[in-house]
Amino acid sequence: MRVGLLAAVAAAALVCGCTQARIDTGTLPSAAATAVTSEDAQVADLLARMSLERKVAQLIQPQINSFTPEDMERYRFGSYLNGGNGGPGGNEFAPAAQWLALADEMYLASSKPLPGGEPVIPTMWGTDAVHGHTNVVGATVFPHNIGLGATRDPDLLRRIGAATAAEIAATGIDWNFSPTVAVARDDRWGRTYESYSEDPDIVAPLGAALVEGLQGGKSEPQRLRGARVIATAKHFFADGGTAQGVDQGDVNGDIEALKAIHAKPYPAAIAAGVETIMASFNSINGVKMHGNRELLTGVLRGEMGFTGLVVGDWNAHGQIDGCKVDDCPQALLAGLDVYMVPDDWKALHANLVAQVRDGTIPMARIDEAVGRVLRVKLRAGIIGPESRRPSARPAGGNWALLGSPEHRAIAREAVAKSQVLLKNDGVLPIASGAKVLVAGSAADSVAQAAGGWSLTWQGGLELDNATYFPGATSIRAGIEAAAREAGGSAAYSADGSYSTRPDVAIVVFGEKPYAEFEGDRKTLVFADEEGLALLRKFDAAGIPAVAVFLSGRPMWMNREINAADAFVAAWLPGGEGAGVADVLFGRRPATGRLGFSWPAQCDGKPVNGPEGALFPVGYGLSLDVRQPSRRLDETCGYLVAGPSSDWFSAGKLANDVSVSAGGQPLPSFRGSAGGVSVRGIDYKRQEDAREIVFGPGATLSLSQPANGTGAYRILYQLPAQPAGPVTLTVGGNTVDITRQLALSAGKGWREMIVTEACAPNLGKGIAITTAAPMTMQVASVSREVMPAGADCSF
């Protein structure tokens, strides 16, 4: 009776709007000295009074756009998240107040009294705030991890973590899926910028410091309270070690050798008190991590002693052999505690309940996982005497925290400390009184400087500064202010034109925004020539030029380095471009040092260590160092247009290319034959691509009578994973590509490149055979000459 009464009183207080309302969870809060008090006893007491359905709900994490407050009230999900493109009411650009209102709404729905004395367990909201609370307009945008790794400054990371936590807490969110402690070893990976370094000894202390900043130090009395949030170390483990840098791919090798590199940051994060760890999408030696009990339970818990909560990644459990996103007991049995199941939560909940009842999942395993969720909530004050709706918490609705001057000052400091000076013939620091020309379209784009995971998942150049990044400072604006303060002037011209000859030009250019898998690259060659053309223009005119390169990874830049008088690796600095100017004008020293090896050769492949590096890890010039220029080799096979031929492009099949299925012709690459059906679909314009539906045991072949040369390049998309084996036959070689296609499924348009590396004697044609039904969409097929040693990739 006491539990029901307290819950009813708490609910009534919430309805009346009392800001200090608390939710009773059955732990007998405040002065009830005779009640259970130890964490273990509190958890045991709660578990003893929870129904199976409520327990399973604690292990389900849907996304905000797939359920309602009514669903929350009915199911009582343990947690929920916003996806990279999700926001309140489906608006990813919703103002901060709407984020807080939704947090309140979900909290209240999860906190309504339950019948029969069952304890109320409020929910918690998780978000990807990977370089500041960058899902929310107006938040401080810090540099991405690749830049922070160049600072080597754990104290700075703690302050960034604390600032980020405060801004998250202001919007009512409890849990941050950060820091990423990946050790990126193949910079073709689209998430390289989420890694601090290729060196685990650099990654470990920085990741641990961010954990302490987000949560508070283990000895701090206000740890996980006030303006702190729950942290997550991710993605356990070896996400940065996949073959050819393919996102969510396979990592191969001796397990102890892999652990020595990729698992090394986790003990440091655990020692710092990280409450949650996220399992990785990737597989190790063919076994998906979400189903790998040996690693999730044996290594993470047994060897490393982690006692906290293991959360899954976006539907990643569905990639385990024998699993679907709504039916996967294997993940829980392997050691996963919380399923991140954005949309299929209802069926997963029903299946898990049934699997407990039929003995597939032991109740002890359910209690263990739920207990871990409850412990995190107890520690964070989400349940217990301090429990209150988000807007009534100390930081809730404190909009002065969001993008505050103090936080932006930390971000500006981080930007300056992350700049790595790779070349300086004497033009830096820029002299007082100088007339400066700022060139390059990236100079005035906060969105490009911010990169991915910035308001939208992939980021985007369409996000203008004033609307989407209020309060931020573009690199252009930072340079203009610094030039004025130094007694000079700065003018901006995206195309580098000028009427008055400048004393120095600053060219800002680089990679366009991207995030995971969209950012995967086939090579590390930077082929965009906007910056190169500008640098060569100023070089020819005798105007000293500074190259400021924005990127999420080191890339082959020999041409740009040759053409520039100074070259700065600025990484993805975020929203405080004045930090770049601080270094260019000498207001702050150039202290950034590379966390990644910079490639010397244009072979398209990554470098780890001094061999093959133009600049090794740890390299970085000080402003007082004048480095004599040396001419770098600009030879690059990937930039030389070799013989190529389009077999299928823009909806048209080349005259001398034939298509067949089961030995029967398919003129114009349409129709049905041999168990294959082909129809026109739209890619960029009407019916410029083909959708190919394979029946079981079907083969589609493309061939050219002449003995063609070069690798095969196919632009394709797979809506779903293959249901059975798929093979590729090229020049008499048959290659099993089932796993590669499974990894590319559902990720949009991708390139398949087939070279001599996996199919010697490329021959006159290519054929795909499926053992089970499969649908593939193809936009283009071509052959082109590539440099010797070019990898096959999918």
# chains A, B, ... in the order shown; residues from 1 in each chain; ligands from 1
call {"tool": "residues_around", "arguments": {"residues": "Ala414 (chain A)", "least_positions_apart": "3", "cutoff": "7 Å", "atoms": "only C-alpha atoms", "output": "PDB file with C-alpha atoms, in the first residue's frame"}}
result
ATOM      1  CA  PRO A 143      36.164  19.648 -33.329  1.00  0.00           C
ATOM      2  CA  LEU A 148      41.176  16.472 -30.609  1.00  0.00           C
ATOM      3  CA  ILE A 410      36.665  25.977 -24.953  1.00  0.00           C
ATOM      4  CA  ALA A 411      35.800  24.997 -28.522  1.00  0.00           C
ATOM      5  CA  LYS A 417      45.296  23.267 -30.379  1.00  0.00           C
ATOM      6  CA  SER A 418      44.201  20.807 -33.069  1.00  0.00           C
TER       7      SER A 418
END
call {"tool": "residues_around", "arguments": {"residues": "Arg74 (chain A)", "least_positions_apart": "2", "cutoff": "12 Å", "atoms": "only C-alpha atoms", "output": "ChimeraX atom specification"}}
result
/A:53-54,57,67-72,76-77,106,109-114,346
call {"tool": "write_last_selection", "arguments": {"atoms": "all heavy atoms", "output": "short mmCIF file (atom, residue, chain, number, x, y, z; two decimals), in the first residue's frame"}}
result
data_model
loop_
_atom_site.label_atom_id
_atom_site.label_comp_id
_atom_site.auth_asym_id
_atom_site.auth_seq_id
_atom_site.Cartn_x
_atom_site.Cartn_y
_atom_site.Cartn_z
N GLU A 53 7.04 -8.70 -18.57
CA GLU A 53 6.86 -7.75 -19.67
C GLU A 53 7.60 -6.44 -19.41
O GLU A 53 8.21 -5.87 -20.32
CB GLU A 53 5.37 -7.48 -19.89
CG GLU A 53 4.59 -8.64 -20.49
CD GLU A 53 4.26 -9.73 -19.48
OE1 GLU A 53 4.52 -9.54 -18.26
OE2 GLU A 53 3.75 -10.78 -19.90
N ARG A 54 7.58 -5.97 -18.16
CA ARG A 54 8.26 -4.72 -17.82
C ARG A 54 9.78 -4.92 -17.83
O ARG A 54 10.53 -4.02 -18.20
CB ARG A 54 7.82 -4.22 -16.44
CG ARG A 54 6.34 -3.95 -16.33
CD ARG A 54 5.95 -2.62 -16.95
NE ARG A 54 4.54 -2.37 -16.72
CZ ARG A 54 3.59 -2.48 -17.64
NH1 ARG A 54 3.91 -2.82 -18.87
NH2 ARG A 54 2.33 -2.23 -17.35
N ALA A 57 10.92 -4.87 -21.40
CA ALA A 57 10.84 -3.50 -21.92
C ALA A 57 12.06 -2.67 -21.54
O ALA A 57 12.45 -1.75 -22.27
CB ALA A 57 9.57 -2.82 -21.44
N PHE A 67 7.55 5.57 -32.02
CA PHE A 67 6.62 5.23 -30.95
C PHE A 67 6.04 6.52 -30.35
O PHE A 67 6.55 7.62 -30.60
CB PHE A 67 7.31 4.39 -29.85
CG PHE A 67 8.27 5.15 -28.99
CD1 PHE A 67 7.88 5.64 -27.74
CD2 PHE A 67 9.56 5.39 -29.41
CE1 PHE A 67 8.76 6.35 -26.95
CE2 PHE A 67 10.45 6.11 -28.62
CZ PHE A 67 10.06 6.59 -27.38
N THR A 68 4.98 6.36 -29.57
CA THR A 68 4.27 7.51 -29.01
C THR A 68 4.35 7.50 -27.49
O THR A 68 4.73 6.47 -26.89
CB THR A 68 2.78 7.45 -29.40
OG1 THR A 68 2.19 6.28 -28.78
CG2 THR A 68 2.61 7.36 -30.92
N PRO A 69 3.99 8.59 -26.85
CA PRO A 69 3.91 8.57 -25.38
C PRO A 69 2.96 7.48 -24.88
O PRO A 69 3.20 6.90 -23.81
CB PRO A 69 3.40 9.96 -25.04
CG PRO A 69 3.87 10.82 -26.17
CD PRO A 69 3.77 9.95 -27.38
N GLU A 70 1.91 7.19 -25.64
CA GLU A 70 1.00 6.13 -25.25
C GLU A 70 1.69 4.77 -25.28
O GLU A 70 1.47 3.92 -24.41
CB GLU A 70 -0.23 6.12 -26.17
CG GLU A 70 -1.16 7.31 -26.01
CD GLU A 70 -0.60 8.61 -26.58
OE1 GLU A 70 0.26 8.55 -27.49
OE2 GLU A 70 -1.00 9.70 -26.09
N ASP A 71 2.55 4.57 -26.27
CA ASP A 71 3.34 3.34 -26.32
C ASP A 71 4.28 3.26 -25.11
O ASP A 71 4.46 2.21 -24.51
CB ASP A 71 4.17 3.27 -27.60
CG ASP A 71 3.33 3.11 -28.86
OD1 ASP A 71 2.30 2.40 -28.79
OD2 ASP A 71 3.69 3.70 -29.89
N MET A 72 4.87 4.41 -24.77
CA MET A 72 5.76 4.44 -23.61
C MET A 72 5.00 4.08 -22.35
O MET A 72 5.47 3.29 -21.51
CB MET A 72 6.40 5.82 -23.47
CG MET A 72 7.29 5.98 -22.24
SD MET A 72 8.74 4.89 -22.22
CE MET A 72 9.84 5.81 -23.32
N ARG A 76 6.63 0.83 -21.22
CA ARG A 76 7.65 1.31 -20.26
C ARG A 76 9.06 0.93 -20.72
O ARG A 76 9.82 0.24 -20.02
CB ARG A 76 7.38 0.78 -18.84
CG ARG A 76 5.98 1.05 -18.33
CD ARG A 76 5.66 2.54 -18.27
NE ARG A 76 4.27 2.79 -17.90
CZ ARG A 76 3.88 3.14 -16.69
NH1 ARG A 76 4.76 3.28 -15.72
NH2 ARG A 76 2.61 3.34 -16.45
N PHE A 77 9.42 1.38 -21.93
CA PHE A 77 10.76 1.12 -22.44
C PHE A 77 11.81 1.62 -21.46
O PHE A 77 11.69 2.71 -20.89
CB PHE A 77 10.97 1.82 -23.78
CG PHE A 77 9.93 1.51 -24.82
CD1 PHE A 77 9.10 2.50 -25.32
CD2 PHE A 77 9.78 0.22 -25.30
CE1 PHE A 77 8.15 2.22 -26.27
CE2 PHE A 77 8.83 -0.07 -26.25
CZ PHE A 77 8.00 0.92 -26.74
N MET A 106 7.92 11.97 -22.34
CA MET A 106 8.26 10.56 -22.24
C MET A 106 8.53 10.14 -20.79
O MET A 106 8.16 9.04 -20.36
CB MET A 106 9.47 10.23 -23.12
CG MET A 106 9.19 10.32 -24.61
SD MET A 106 7.85 9.21 -25.10
CE MET A 106 7.70 9.64 -26.84
N ALA A 109 5.15 9.78 -19.14
CA ALA A 109 4.46 8.57 -19.61
C ALA A 109 5.05 7.32 -18.98
O ALA A 109 4.33 6.36 -18.67
CB ALA A 109 4.54 8.49 -21.13
N SER A 110 6.37 7.31 -18.77
CA SER A 110 7.03 6.13 -18.19
C SER A 110 6.88 6.08 -16.68
O SER A 110 7.25 5.08 -16.05
CB SER A 110 8.52 6.14 -18.55
OG SER A 110 9.20 7.16 -17.85
N SER A 111 6.35 7.15 -16.08
CA SER A 111 6.34 7.27 -14.62
C SER A 111 4.95 7.19 -14.01
O SER A 111 4.79 7.44 -12.81
CB SER A 111 7.00 8.60 -14.22
OG SER A 111 8.31 8.68 -14.71
N LYS A 112 3.96 6.88 -14.81
CA LYS A 112 2.61 6.76 -14.26
C LYS A 112 2.51 5.52 -13.38
O LYS A 112 3.18 4.51 -13.64
CB LYS A 112 1.60 6.74 -15.40
CG LYS A 112 1.52 8.09 -16.11
CD LYS A 112 0.42 8.13 -17.14
CE LYS A 112 0.34 9.52 -17.77
NZ LYS A 112 -0.73 9.59 -18.80
N PRO A 113 1.68 5.57 -12.34
CA PRO A 113 1.57 4.44 -11.41
C PRO A 113 1.18 3.15 -12.13
O PRO A 113 0.45 3.17 -13.12
CB PRO A 113 0.49 4.87 -10.43
CG PRO A 113 0.45 6.36 -10.54
CD PRO A 113 0.81 6.70 -11.94
N LEU A 114 1.68 2.04 -11.61
CA LEU A 114 1.37 0.71 -12.13
C LEU A 114 0.55 -0.06 -11.11
O LEU A 114 0.71 0.14 -9.90
CB LEU A 114 2.66 -0.05 -12.46
CG LEU A 114 3.46 0.48 -13.65
CD1 LEU A 114 4.85 -0.14 -13.67
CD2 LEU A 114 2.73 0.21 -14.96
N LYS A 346 8.09 -3.57 -31.20
CA LYS A 346 6.91 -4.29 -30.71
C LYS A 346 7.09 -5.80 -30.90
O LYS A 346 6.86 -6.59 -29.98
CB LYS A 346 5.66 -3.81 -31.42
CG LYS A 346 4.37 -4.45 -30.89
CD LYS A 346 3.13 -3.90 -31.58
CE LYS A 346 2.89 -2.45 -31.23
NZ LYS A 346 1.60 -1.95 -31.80
#
call {"tool": "residues_around", "arguments": {"residues": "Val211 (chain A)", "least_positions_apart": "2", "cutoff": "9 Å", "atoms": "only C-alpha atoms", "output": "list in words"}}
result
Leu157, Arg158, Gly161, Ser178, Pro179, Leu206, Gly207, Ala208, Ala209, Gly213, Leu214, Gln215, Gly216, Gly217, Ile230, Ala231, Thr232, Ala233, Ala269, Ala272, Gly273 and Val274 of chain A
call {"tool": "atom_distance", "arguments": {"atom1": "CA of Ala162 (chain A)", "atom2": "CA of Phe596 (chain A)"}}
result
26.3 Å
call {"tool": "closest_residue", "arguments": {"among": "A:Ala271, A:Leu594, A:Val427, A:Val229", "to": "Arg152 (chain A)", "atoms": "only C-alpha atoms"}}
result
A:Leu594
call {"tool": "atom_distance", "arguments": {"atom1": "CA of Arg379 (chain A)", "atom2": "CA of Leu348 (chain A)"}}
result
27.8 Å
call {"tool": "residues_around", "arguments": {"residues": "Arg293 (chain A)", "least_positions_apart": "2", "cutoff": "10 Å", "atoms": "only C-alpha atoms", "output": "ChimeraX atom specification"}}
result
/A:287-291,295-300,330-336
call {"tool": "select_by_dssp", "arguments": {"residues": "region 201-395 of chain A", "states": "strand (DSSP E)", "output": "PyMOL selection string"}}
result
chain A and resi 232-236+250-251+276-279+283-284+287-288+309-311+339-340
call {"tool": "closest_atom_pairs", "arguments": {"of": "region 467-532 of chain A", "to": "region 635-658 of chain A", "cutoff": "12 Å", "atoms": "only C-alpha atoms", "output": "Markdown table"}}
result
| residue | atom | partner | partner_atom | distance |
| --- | --- | --- | --- | --- |
| A:Lys522 | CA | A:Tyr638 | CA | 10.6 |
| A:Thr523 | CA | A:Tyr638 | CA | 8.6 |
| A:Leu524 | CA | A:Tyr638 | CA | 10.1 |
| A:Val525 | CA | A:Tyr638 | CA | 7.5 |
| A:Phe526 | CA | A:Leu639 | CA | 9.3 |
| A:Ala527 | CA | A:Leu639 | CA | 7.1 |
| A:Asp528 | CA | A:Leu639 | CA | 10.3 |
| A:Glu529 | CA | A:Leu639 | CA | 10.8 |
call {"tool": "residues_around", "arguments": {"residues": "Thr775 (chain A)", "least_positions_apart": "2", "cutoff": "8 Å", "atoms": "only C-alpha atoms", "output": "PDB file with C-alpha atoms, in the first residue's frame"}}
result
ATOM      1  CA  GLU A 691      16.557  -3.448 -61.040  1.00  0.00           C
ATOM      2  CA  ILE A 692      17.593  -7.085 -61.358  1.00  0.00           C
ATOM      3  CA  VAL A 693      15.548  -9.760 -59.606  1.00  0.00           C
ATOM      4  CA  PHE A 694      17.395 -13.081 -59.405  1.00  0.00           C
ATOM      5  CA  LEU A 718      21.247  -3.879 -52.519  1.00  0.00           C
ATOM      6  CA  PRO A 719      17.938  -3.212 -50.722  1.00  0.00           C
ATOM      7  CA  ALA A 720      18.330  -6.306 -48.522  1.00  0.00           C
ATOM      8  CA  PRO A 773      16.352 -15.027 -54.601  1.00  0.00           C
ATOM      9  CA  GLN A 777      19.903  -2.369 -58.557  1.00  0.00           C
TER      10      GLN A 777
END
call {"tool": "residues_around", "arguments": {"residues": "Tyr196 (chain A)", "least_positions_apart": "6", "cutoff": "6 Å", "atoms": "only C-alpha atoms", "output": "mmCIF file with C-alpha atoms, in the first residue's frame"}}
result
data_model
loop_
_atom_site.group_PDB
_atom_site.id
_atom_site.type_symbol
_atom_site.label_atom_id
_atom_site.label_comp_id
_atom_site.auth_asym_id
_atom_site.auth_seq_id
_atom_site.Cartn_x
_atom_site.Cartn_y
_atom_site.Cartn_z
ATOM 1 C CA ASN A 145 37.923 13.468 -32.473
ATOM 2 C CA ILE A 146 40.599 13.353 -35.176
ATOM 3 C CA GLY A 149 43.670 13.644 -30.959
ATOM 4 C CA VAL A 203 43.360 7.107 -27.913
#
call {"tool": "closest_residue", "arguments": {"among": "A:Asp201, A:Glu611, A:Glu212, A:Asp187", "to": "Gly519 (chain A)", "atoms": "only C-alpha atoms"}}
result
A:Asp187
call {"tool": "atom_distance", "arguments": {"atom1": "CA of Val617 (chain A)", "atom2": "CA of Pro429 (chain A)"}}
result
23.5 Å
call {"tool": "closest_residue", "arguments": {"among": "A:Asp495, A:Glu634, A:Glu73, A:Glu413", "to": "Gly592 (chain A)", "atoms": "only C-alpha atoms"}}
result
A:Glu413
